[in-house]
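structure.txt follows; it contains compact mmCIF, C-alpha atoms and all ligand atoms.
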# COMPACT_ATOMS: atom_id res chain seq x y z
CA LEU S 563 120.30 118.55 103.96
CA ALA S 564 116.87 117.11 103.45
CA LEU S 565 115.10 113.97 102.26
CA LEU S 566 111.72 113.89 100.56
CA GLY S 567 109.36 110.98 101.20
CA ILE S 568 106.39 110.29 98.95
CA GLU S 569 103.70 107.81 99.95
CA ILE S 570 101.29 107.13 97.11
CA GLY S 571 98.07 105.45 98.16
CA GLY S 572 94.98 104.52 96.16
CA THR S 573 93.03 107.34 97.83
CA LYS S 574 95.59 109.65 99.43
CA LEU S 575 99.01 111.13 98.86
CA VAL S 576 101.45 112.11 101.61
CA LEU S 577 104.60 114.12 100.96
CA ALA S 578 107.03 114.47 103.86
CA LEU S 579 110.19 116.48 104.17
CA GLY S 580 112.69 115.03 106.61
CA ASP S 581 116.13 115.77 107.95
CA GLU S 582 119.08 113.71 106.73
CA ALA S 583 118.25 110.97 109.26
CA GLY S 584 114.74 110.78 107.82
CA GLN S 585 112.89 112.37 110.77
CA PRO S 586 109.84 114.18 109.34
CA GLN S 587 109.98 117.97 109.66
CA SER S 588 106.92 118.95 107.65
CA HIS S 589 104.38 117.20 105.50
CA LEU S 590 101.44 117.58 103.16
CA ARG S 591 98.47 115.22 102.90
CA ARG S 592 95.88 115.34 100.14
CA PRO S 593 93.43 113.08 98.30
CA MET S 594 95.11 111.17 95.47
CA ALA S 595 92.33 111.93 92.91
CA PRO S 596 93.90 110.17 89.87
CA SER S 597 93.27 111.97 86.57
CA GLY S 598 93.50 108.91 84.32
CA SER S 599 97.00 109.87 83.16
CA TRP S 600 100.02 108.89 85.21
CA ALA S 601 102.12 111.66 83.62
CA ARG S 602 99.62 114.33 84.72
CA ASP S 603 99.36 112.76 88.21
CA LEU S 604 103.15 112.82 88.59
CA GLU S 605 103.21 116.43 87.39
CA SER S 606 100.83 117.43 90.19
CA ILE S 607 102.87 115.46 92.75
CA ILE S 608 105.98 117.33 91.56
CA THR S 609 104.16 120.68 91.90
CA ASP S 610 103.10 119.85 95.46
CA ALA S 611 106.62 118.67 96.35
CA ARG S 612 108.10 121.92 95.03
CA GLY S 613 105.56 123.82 97.16
CA LEU S 614 106.54 121.86 100.29
CA LEU S 615 110.25 122.50 99.58
CA ALA S 616 109.63 126.22 98.95
CA ARG S 617 107.74 126.62 102.25
CA ALA S 618 110.55 124.87 104.17
CA SER S 619 113.19 126.95 102.34
CA SER S 620 111.50 130.18 103.42
CA GLN S 621 112.57 129.41 107.00
CA ALA S 622 116.03 127.89 106.42
CA PRO S 623 117.90 126.84 103.27
CA VAL S 624 116.97 123.30 102.19
CA SER S 625 119.24 121.13 100.08
CA LEU S 626 117.38 118.05 98.82
CA VAL S 627 119.69 115.01 98.66
CA ALA S 628 117.39 112.05 97.95
CA ILE S 629 113.78 111.03 97.39
CA GLY S 630 112.07 107.86 98.59
CA VAL S 631 108.79 106.62 97.13
CA SER S 632 106.39 104.14 98.71
CA ALA S 633 104.00 102.93 96.01
CA PRO S 634 101.08 100.52 95.98
CA GLY S 635 101.36 97.49 93.73
CA PRO S 636 104.42 95.84 92.23
CA SER S 637 107.37 98.23 92.43
CA ASP S 638 110.80 97.39 91.06
CA PRO S 639 113.52 99.07 93.14
CA THR S 640 116.11 98.33 90.43
CA THR S 641 114.31 99.89 87.45
CA GLY S 642 112.29 102.38 89.50
CA ILE S 643 109.10 101.33 87.74
CA VAL S 644 105.68 100.91 89.37
CA SER S 645 103.46 98.43 87.51
CA TYR S 646 99.68 98.73 87.41
CA PRO S 647 99.08 99.89 90.99
CA PRO S 648 95.51 99.15 92.17
CA ASN S 649 93.02 102.04 92.37
CA LEU S 650 95.11 104.30 90.11
CA PRO S 651 93.47 104.26 86.66
CA GLY S 652 95.85 105.23 83.85
CA TRP S 653 98.91 103.99 85.72
CA GLN S 654 100.44 101.18 83.66
CA GLU S 655 104.24 100.80 83.72
CA VAL S 656 105.20 104.09 85.37
CA PRO S 657 108.91 105.08 85.41
CA ILE S 658 108.43 107.08 88.59
CA ALA S 659 112.09 107.13 89.69
CA ARG S 660 113.25 108.52 86.33
CA VAL S 661 110.53 111.20 86.17
CA LEU S 662 111.14 112.41 89.75
CA GLY S 663 114.91 112.17 89.30
CA ASP S 664 114.71 114.37 86.18
CA ALA S 665 112.52 116.88 88.01
CA PHE S 666 114.65 117.23 91.15
CA GLY S 667 118.12 116.11 90.07
CA VAL S 668 118.61 113.74 93.02
CA PRO S 669 118.64 109.92 93.41
CA VAL S 670 115.17 108.37 93.78
CA ARG S 671 114.53 105.11 95.60
CA LEU S 672 111.34 103.09 95.17
CA GLU S 673 109.76 100.29 97.23
CA ASN S 674 106.28 98.77 97.41
CA ASP S 675 104.18 100.05 100.32
CA ALA S 676 104.56 96.93 102.47
CA ASN S 677 108.36 96.97 102.23
CA ALA S 678 108.38 100.74 102.79
CA ALA S 679 106.26 100.30 105.93
CA ALA S 680 108.58 97.55 107.18
CA LEU S 681 111.56 99.88 106.65
CA ALA S 682 109.72 102.67 108.50
CA GLU S 683 108.95 100.54 111.56
CA TRP S 684 112.55 99.27 111.51
CA ARG S 685 114.14 102.72 111.26
CA PHE S 686 111.69 104.76 113.33
CA GLY S 687 109.15 102.54 115.11
CA ALA S 688 108.76 99.25 116.94
CA GLY S 689 111.56 97.58 114.98
CA ARG S 690 114.39 99.88 116.07
CA GLY S 691 117.54 98.03 117.03
CA ALA S 692 116.49 94.69 115.48
CA ARG S 693 118.71 92.96 112.91
CA ASP S 694 116.11 90.36 111.96
CA LEU S 695 112.55 91.57 111.80
CA ALA S 696 109.23 90.58 110.25
CA TYR S 697 106.50 93.19 109.85
CA LEU S 698 102.84 92.42 109.07
CA THR S 699 100.39 95.19 108.21
CA MET S 700 97.18 93.49 109.47
CA SER S 701 94.88 96.00 107.76
CA THR S 702 92.50 95.39 104.81
CA GLY S 703 94.90 92.68 103.66
CA VAL S 704 97.92 91.11 105.34
CA GLY S 705 100.95 92.74 103.75
CA GLY S 706 104.44 92.21 105.02
CA GLY S 707 108.08 93.07 104.86
CA LEU S 708 111.22 91.40 106.03
CA ILE S 709 114.50 92.74 107.38
CA LEU S 710 117.16 90.03 107.47
CA ASP S 711 120.67 90.54 108.76
CA GLY S 712 120.23 94.30 108.83
CA ARG S 713 118.77 94.88 105.39
CA LEU S 714 115.48 94.67 103.54
CA TYR S 715 115.11 91.19 102.05
CA ARG S 716 113.13 91.27 98.79
CA GLY S 717 113.60 87.68 97.59
CA ALA S 718 114.84 86.48 94.21
CA PHE S 719 111.89 87.98 92.31
CA GLY S 720 110.67 90.71 94.65
CA GLY S 721 107.91 88.75 96.37
CA ALA S 722 109.51 87.92 99.73
CA GLY S 723 107.68 88.81 102.92
CA GLU S 724 104.17 88.15 101.59
CA PHE S 725 103.21 86.53 104.87
CA GLY S 726 99.51 87.03 104.14
CA HIS S 727 99.67 84.14 101.72
CA ILE S 728 101.20 81.56 104.01
CA PRO S 729 98.74 78.64 103.80
CA ILE S 730 97.24 78.05 107.25
CA VAL S 731 94.39 75.73 106.20
CA ALA S 732 94.99 73.09 103.54
CA PRO S 733 93.34 71.41 101.78
CA GLY S 734 89.89 72.94 101.56
CA GLY S 735 90.71 76.37 102.96
CA LEU S 736 88.76 79.54 102.24
CA ASP S 737 89.25 81.32 98.91
CA CYS S 738 91.84 84.11 99.06
CA ALA S 739 91.82 87.34 97.02
CA CYS S 740 95.12 86.16 95.48
CA GLY S 741 93.38 83.23 93.74
CA ARG S 742 94.78 80.55 96.03
CA ARG S 743 93.03 78.90 98.99
CA GLY S 744 93.64 78.68 102.71
CA CYS S 745 95.93 81.73 102.94
CA LEU S 746 96.39 83.59 106.25
CA GLU S 747 94.83 86.66 104.60
CA ALA S 748 91.60 84.75 103.83
CA TYR S 749 91.18 84.29 107.59
CA CYS S 750 92.83 87.39 109.08
CA GLY S 751 92.77 90.11 106.41
CA GLY S 752 90.41 92.99 107.23
CA ASN S 753 88.38 92.70 104.02
CA ALA S 754 87.91 88.94 104.36
CA TRP S 755 87.09 89.30 108.05
CA SER S 756 84.51 92.03 107.38
CA GLN S 757 82.71 89.71 104.94
CA ARG S 758 82.66 86.92 107.49
CA LEU S 759 81.45 89.20 110.30
CA ARG S 760 78.64 90.64 108.16
CA ALA S 761 77.40 87.12 107.45
CA GLN S 762 77.86 85.61 110.89
CA THR S 763 77.42 88.23 113.61
CA PRO S 764 74.37 87.30 115.72
CA ALA S 765 71.66 89.93 116.11
CA SER S 766 72.23 90.01 119.88
CA SER S 767 75.93 90.97 119.61
CA ALA S 768 77.19 94.44 120.53
CA VAL S 769 79.08 94.36 117.21
CA LEU S 770 75.81 95.04 115.41
CA ALA S 771 74.87 97.91 117.74
CA LEU S 772 78.29 99.53 117.24
CA SER S 773 78.19 99.27 113.44
CA GLU S 774 74.51 100.36 113.25
CA SER S 775 73.94 98.13 110.25
CA ARG S 776 75.08 94.64 109.31
CA ASP S 777 76.57 95.66 105.96
CA ARG S 778 78.84 98.21 107.65
CA ILE S 779 80.48 95.87 110.17
CA THR S 780 84.29 96.09 110.17
CA PRO S 781 86.99 94.58 112.39
CA GLU S 782 87.09 97.90 114.30
CA HIS S 783 83.55 97.25 115.58
CA LEU S 784 84.46 93.68 116.49
CA VAL S 785 87.53 94.79 118.44
CA ALA S 786 85.57 97.53 120.24
CA ALA S 787 82.86 95.03 121.19
CA ALA S 788 85.49 92.57 122.44
CA HIS S 789 87.01 95.27 124.66
CA ALA S 790 83.50 95.86 126.04
CA GLY S 791 83.21 92.15 126.92
CA ASP S 792 80.78 91.02 124.20
CA ALA S 793 80.80 87.20 124.17
CA PHE S 794 80.58 86.74 120.39
CA ALA S 795 83.26 89.37 119.78
CA LEU S 796 85.64 87.77 122.30
CA GLU S 797 85.18 84.33 120.76
CA GLU S 798 85.57 85.64 117.21
CA LEU S 799 88.68 87.67 118.11
CA ALA S 800 90.21 84.61 119.80
CA ARG S 801 89.60 82.66 116.58
CA TRP S 802 91.26 85.44 114.56
CA VAL S 803 94.28 85.46 116.89
CA GLU S 804 94.60 81.67 116.68
CA CYS S 805 94.62 81.79 112.85
CA LEU S 806 97.20 84.58 112.90
CA GLY S 807 99.28 82.53 115.33
CA ARG S 808 99.33 79.60 112.91
CA GLY S 809 100.90 81.86 110.30
CA LEU S 810 103.38 83.33 112.77
CA VAL S 811 104.52 79.85 113.84
CA GLN S 812 105.45 79.03 110.22
CA LEU S 813 107.14 82.40 109.83
CA ALA S 814 109.09 81.94 113.07
CA LEU S 815 110.18 78.38 112.26
CA THR S 816 111.33 79.43 108.78
CA LEU S 817 113.10 82.71 109.53
CA GLU S 818 113.54 82.92 113.33
CA PRO S 819 113.34 86.73 113.45
CA GLU S 820 114.18 88.34 116.78
CA ARG S 821 111.05 90.50 116.52
CA ILE S 822 107.66 90.34 114.79
CA VAL S 823 105.86 93.68 114.49
CA LEU S 824 102.08 93.66 113.90
CA GLY S 825 100.08 96.67 112.70
CA THR S 826 96.53 98.03 112.65
CA ILE S 827 93.96 95.43 113.81
CA ALA S 828 96.46 93.75 116.16
CA VAL S 829 97.38 97.15 117.65
CA ALA S 830 93.69 97.93 118.24
CA ALA S 831 93.10 94.50 119.84
CA GLY S 832 96.00 95.13 122.23
CA GLU S 833 98.07 93.18 124.72
CA ALA S 834 95.51 91.10 126.62
CA LEU S 835 93.32 90.09 123.66
CA CYS S 836 95.99 89.70 120.97
CA PHE S 837 99.67 89.83 121.86
CA GLU S 838 99.62 87.73 125.05
CA PRO S 839 97.66 84.83 123.50
CA LEU S 840 99.87 85.02 120.38
CA ARG S 841 103.02 84.71 122.50
CA ARG S 842 101.54 81.72 124.34
CA GLN S 843 100.66 80.06 121.02
CA LEU S 844 104.16 80.64 119.67
CA ASP S 845 105.78 79.33 122.84
CA ALA S 846 103.65 76.17 122.63
CA SER S 847 104.76 75.53 119.04
CA LEU S 848 108.40 76.60 118.70
CA TRP S 849 111.66 74.85 119.44
CA PRO S 850 112.84 75.06 123.06
CA HIS S 851 115.73 77.43 122.24
CA GLN S 852 113.26 79.88 120.64
CA LYS S 853 110.62 79.97 123.38
CA GLY S 854 110.06 83.42 124.84
CA ARG S 855 112.81 84.89 122.68
CA ILE S 856 110.92 85.92 119.55
CA GLU S 857 109.30 89.21 120.50
CA VAL S 858 105.81 89.88 119.16
CA VAL S 859 105.04 93.59 119.47
CA ALA S 860 102.64 96.29 118.29
CA ALA S 861 103.66 98.66 115.49
CA HIS S 862 104.40 102.19 116.76
CA LEU S 863 103.90 104.55 113.84
CA GLY S 864 100.10 104.23 113.51
CA ASP S 865 98.49 107.13 111.62
CA ARG S 866 101.90 108.71 111.04
CA MET S 867 103.11 105.73 108.97
CA PRO S 868 102.59 107.58 105.62
CA GLU S 869 104.94 110.37 106.76
CA PHE S 870 107.67 107.89 107.63
CA ALA S 871 107.28 105.32 104.82
CA GLY S 872 108.67 107.38 101.93
CA LEU S 873 111.38 108.88 104.13
CA ALA S 874 112.49 105.42 105.30
CA VAL S 875 112.86 104.41 101.63
CA ALA S 876 114.92 107.55 101.02
CA VAL S 877 117.25 106.71 103.94
CA GLY S 878 117.91 103.28 102.42
CA SER S 879 117.20 99.59 102.83
CA ASP S 880 120.50 98.59 104.48
CA ALA S 881 121.64 99.23 108.06
CA SER S 882 125.02 100.35 106.73
CA GLU S 883 123.26 103.35 105.20
CA ALA S 884 123.40 105.69 108.18
CA PRO S 885 121.80 106.38 110.51
CA SER S 886 121.81 102.97 112.10
CA PRO S 887 118.49 101.64 113.42
CA GLY S 888 118.06 102.85 116.99
CA ALA S 889 119.72 106.18 116.29
CA GLY S 890 116.36 107.90 115.70
CA SER S 891 114.81 110.09 118.38
ZN ZN Z 901 96.40 84.40 99.19
Please lay out the structure from this file as structure tokens.
Ligand SMILES: [Zn+2]
Amino acid sequence: LALLGIEIGGTKLVLALGDEAGQPQSHLRRPMAPSGSWARDLESIITDARGLLARASSQAPVSLVAIGVSAPGPSDPTTGIVSYPPNLPGWQEVPIARVLGDAFGVPVRLENDANAAALAEWRFGAGRGARDLAYLTMSTGVGGGLILDGRLYRGAFGGAGEFGHIPIVAPGGLDCACGRRGCLEAYCGGNAWSQRLRAQTPASSAVLALSESRDRITPEHLVAAAHAGDAFALEELARWVECLGRGLVQLALTLEPERIVLGTIAVAAGEALCFEPLRRQLDASLWPHQKGRIEVVAAHLGDRMPEFAGLAVAVGSDASEAPSPGAGS
């Protein structure tokens, strides 16, 4: 028995074939290269998926039982429709679950990429064993997903877990890409941070030497310079961590998850420069019964996230849908 996971990104596509527990067995990665027609793009995804299944079947019989799709942009798990995903021209309201279901004759589950990533860390990564978990992507934006009481929590209208838009500065905060002001993402999202660093990095900082040119500075250069002891980078990273901490305090006071999992930039910054100061900030701000009990940890899946995301969606969004979290290898 096998599950097929499909992670659709703006620039790349990852198809992964997993065992019935969702552990990846083989995968295929290729550029997304949208044609301008969603129907044609889905046709080529179906062709590649058939190829992956045929290659696996040549070694041992494969019986596909379910498909999980992680898609960018608003994705309705009930209707199976993806709506106007960014960076995919020609994709309007795309009935992806119906099209894939017709092609393969199995149930198809759909989640947006942030919720799919949260499910993947919960099933297979740093979230294993937790019943209440918040996951924050910490990449170009600050996406998020929420597992509450052993299941994915989507909210009344599908927008729960958008921690990037918790207001951390109000009034008068920085403009956010979402159109509001003062959001966590305007201070800690990778795109917003890159803009700030390009404008404010002093000529003497190692950040500039690492990036080679001011207009190419990214948070990766800042983190590398901080690890090398650059004074500006250390101060700027501390500021970033403090802003992130303000958001996490609100998250923790509202939801009291047992674990908060942070991806990408936080993982690169590491224990001493990111996680330890975050824990101290949380402990200084939370109720006494919460101090030291809300774990703040690095995401585990890293570059392999796209292999796991679609498969985690295929396994299901509820702990009662076996295997239970923690059962993975
Ligand atoms: Zn916002």
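Residue nearest Arg671 of chain S, chosen from S:Glu782, S:Asp581, S:Glu569, S:Glu747 and counting only C-alpha atoms: S:Glu569.
Note that atom CA of Arg716 of chain S and atom CA of Gln812 of chain S are 18.4 Å apart.
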(Q) Could you list, as a ChimeraX atom specification, all residues that come within 9 Å of ligand ZN 901 (chain Z)? Count all atoms listed in the file. (A) /S:724,726-729,737-748
Report the closest atom pair, with its distance in Å rounded to one decimal, for each residue of segment 844-883 of chain S that has an atom no farther than 7 Å from segment 625-648 of chain S; count only C-alpha atoms, sort by chain and then rising residue number, and write it as a Markdown table.
| residue | atom | partner | partner_atom | distance |
| --- | --- | --- | --- | --- |
| S:Ala871 | CA | S:Ser632 | CA | 6.3 |
| S:Gly872 | CA | S:Gly630 | CA | 4.8 |
| S:Leu873 | CA | S:Gly630 | CA | 5.7 |
| S:Val875 | CA | S:Gly630 | CA | 4.7 |
| S:Ala876 | CA | S:Gly630 | CA | 3.8 |
Q.
Give me the residues near segment 585-593 of chain S as a list in words, where near means some atom within 7 Å (using all atoms listed in the file) and where sequence neighbours in that chain fewer than 4 positions away do not count.
A. Thr573, Lys574, Leu575, Val576, Leu577, Ala578, Leu579, Gly580, Asp581, Glu869 and Phe870 of chain S
Q: For Pro819 of chain S, please output as a list in words all residues within 12 Å (counting only C-alpha atoms; exclusion window: fewer than 2 positions along the same chain).
A: Gly689, Ala692, Arg693, Asp694, Leu695, Ala696, Tyr697, Gly707, Leu708, Ile709, Leu710, Asp711, Gly712, Leu810, Val811, Gln812, Leu813, Ala814, Leu815, Thr816, Leu817, Arg821, Ile822, Val823, Gln852, Arg855, Ile856, Glu857 and Val858 of chain S
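You can rank S:Leu772, S:Glu820, S:Val624, S:Thr763 by their closest distance to Glu797 of chain S using only C-alpha atoms, and at the top of that list sits S:Thr763.
Pairwise distance (atom CA of Val785 of chain S, atom CA of Lys853 of chain S) equals 27.9 Å.
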Need the axis-aligned box for segment 624-638 of chain S with 8 Å each side, so what are the centre and edges in Å to one decimal, as JSON?
{"center_x": 110.4, "center_y": 109.6, "center_z": 96.6, "size_x": 34.6, "size_y": 43.5, "size_z": 27.1}
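Minimum atom-to-atom distances from S:Gly687, S:Pro623, S:Gly703, S:Pro596 to Trp755 of chain S were compared using only C-alpha atoms, and the lowest value belongs to S:Gly703.
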Enumerate, in order of chain and increasing residue number, the residues of segment 829-881 of chain S with an atom no farther than 8 Å from segment 799-807 of chain S, each with its shortest atom pair and distance in Å to one decimal, counting all atoms listed in the file, as a Markdown table.
| residue | atom | partner | partner_atom | distance |
| --- | --- | --- | --- | --- |
| S:Leu835 | CA | S:Ala800 | CA | 7.4 |
| S:Cys836 | CA | S:Val803 | CA | 6.1 |
| S:Pro839 | CA | S:Val803 | CA | 7.5 |
| S:Leu840 | CA | S:Gly807 | CA | 5.7 |
| S:Gln843 | CA | S:Gly807 | CA | 6.4 |
| S:Leu844 | CA | S:Gly807 | CA | 6.8 |
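With all atoms listed in the file as the atoms that count, the minimum distance from Ile658 of chain S to the choices S:Ala861, S:Leu714, S:Ala682, S:Ile608 is reached by S:Ile608.
Our summary of the geometry notes that atom CA of Pro764 of chain S is positioned 20.5 Å from atom CA of Ala831 of chain S.
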Q) Counting all atoms listed in the file, which of S:Pro868, S:Gly571, S:Gly652, S:Gly584 gets nearest to Phe686 of chain S? A) S:Gly584
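Residues within 7 Å of Gly572 of chain S, counting all atoms listed in the file and excluding same-chain residues fewer than 4 positions away, are Met594, Pro648, Asn649 and Leu650 of chain S.
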Any chance you could export the current selection's C-alpha atoms as an mmCIF file, keeping the file's coordinate frame?
data_model
loop_
_atom_site.group_PDB
_atom_site.id
_atom_site.type_symbol
_atom_site.label_atom_id
_atom_site.label_comp_id
_atom_site.auth_asym_id
_atom_site.auth_seq_id
_atom_site.Cartn_x
_atom_site.Cartn_y
_atom_site.Cartn_z
ATOM 1 C CA MET S 594 95.110 111.170 95.470
ATOM 2 C CA PRO S 648 95.510 99.150 92.170
ATOM 3 C CA ASN S 649 93.020 102.040 92.370
ATOM 4 C CA LEU S 650 95.110 104.300 90.110
#
Q. From the set S:Ala688, S:Ala793, S:Ala828, S:Leu681, which residue has the shortest atom-to-atom contact distance to Gly752 of chain S, counting all atoms listed in the file?
A. S:Ala828
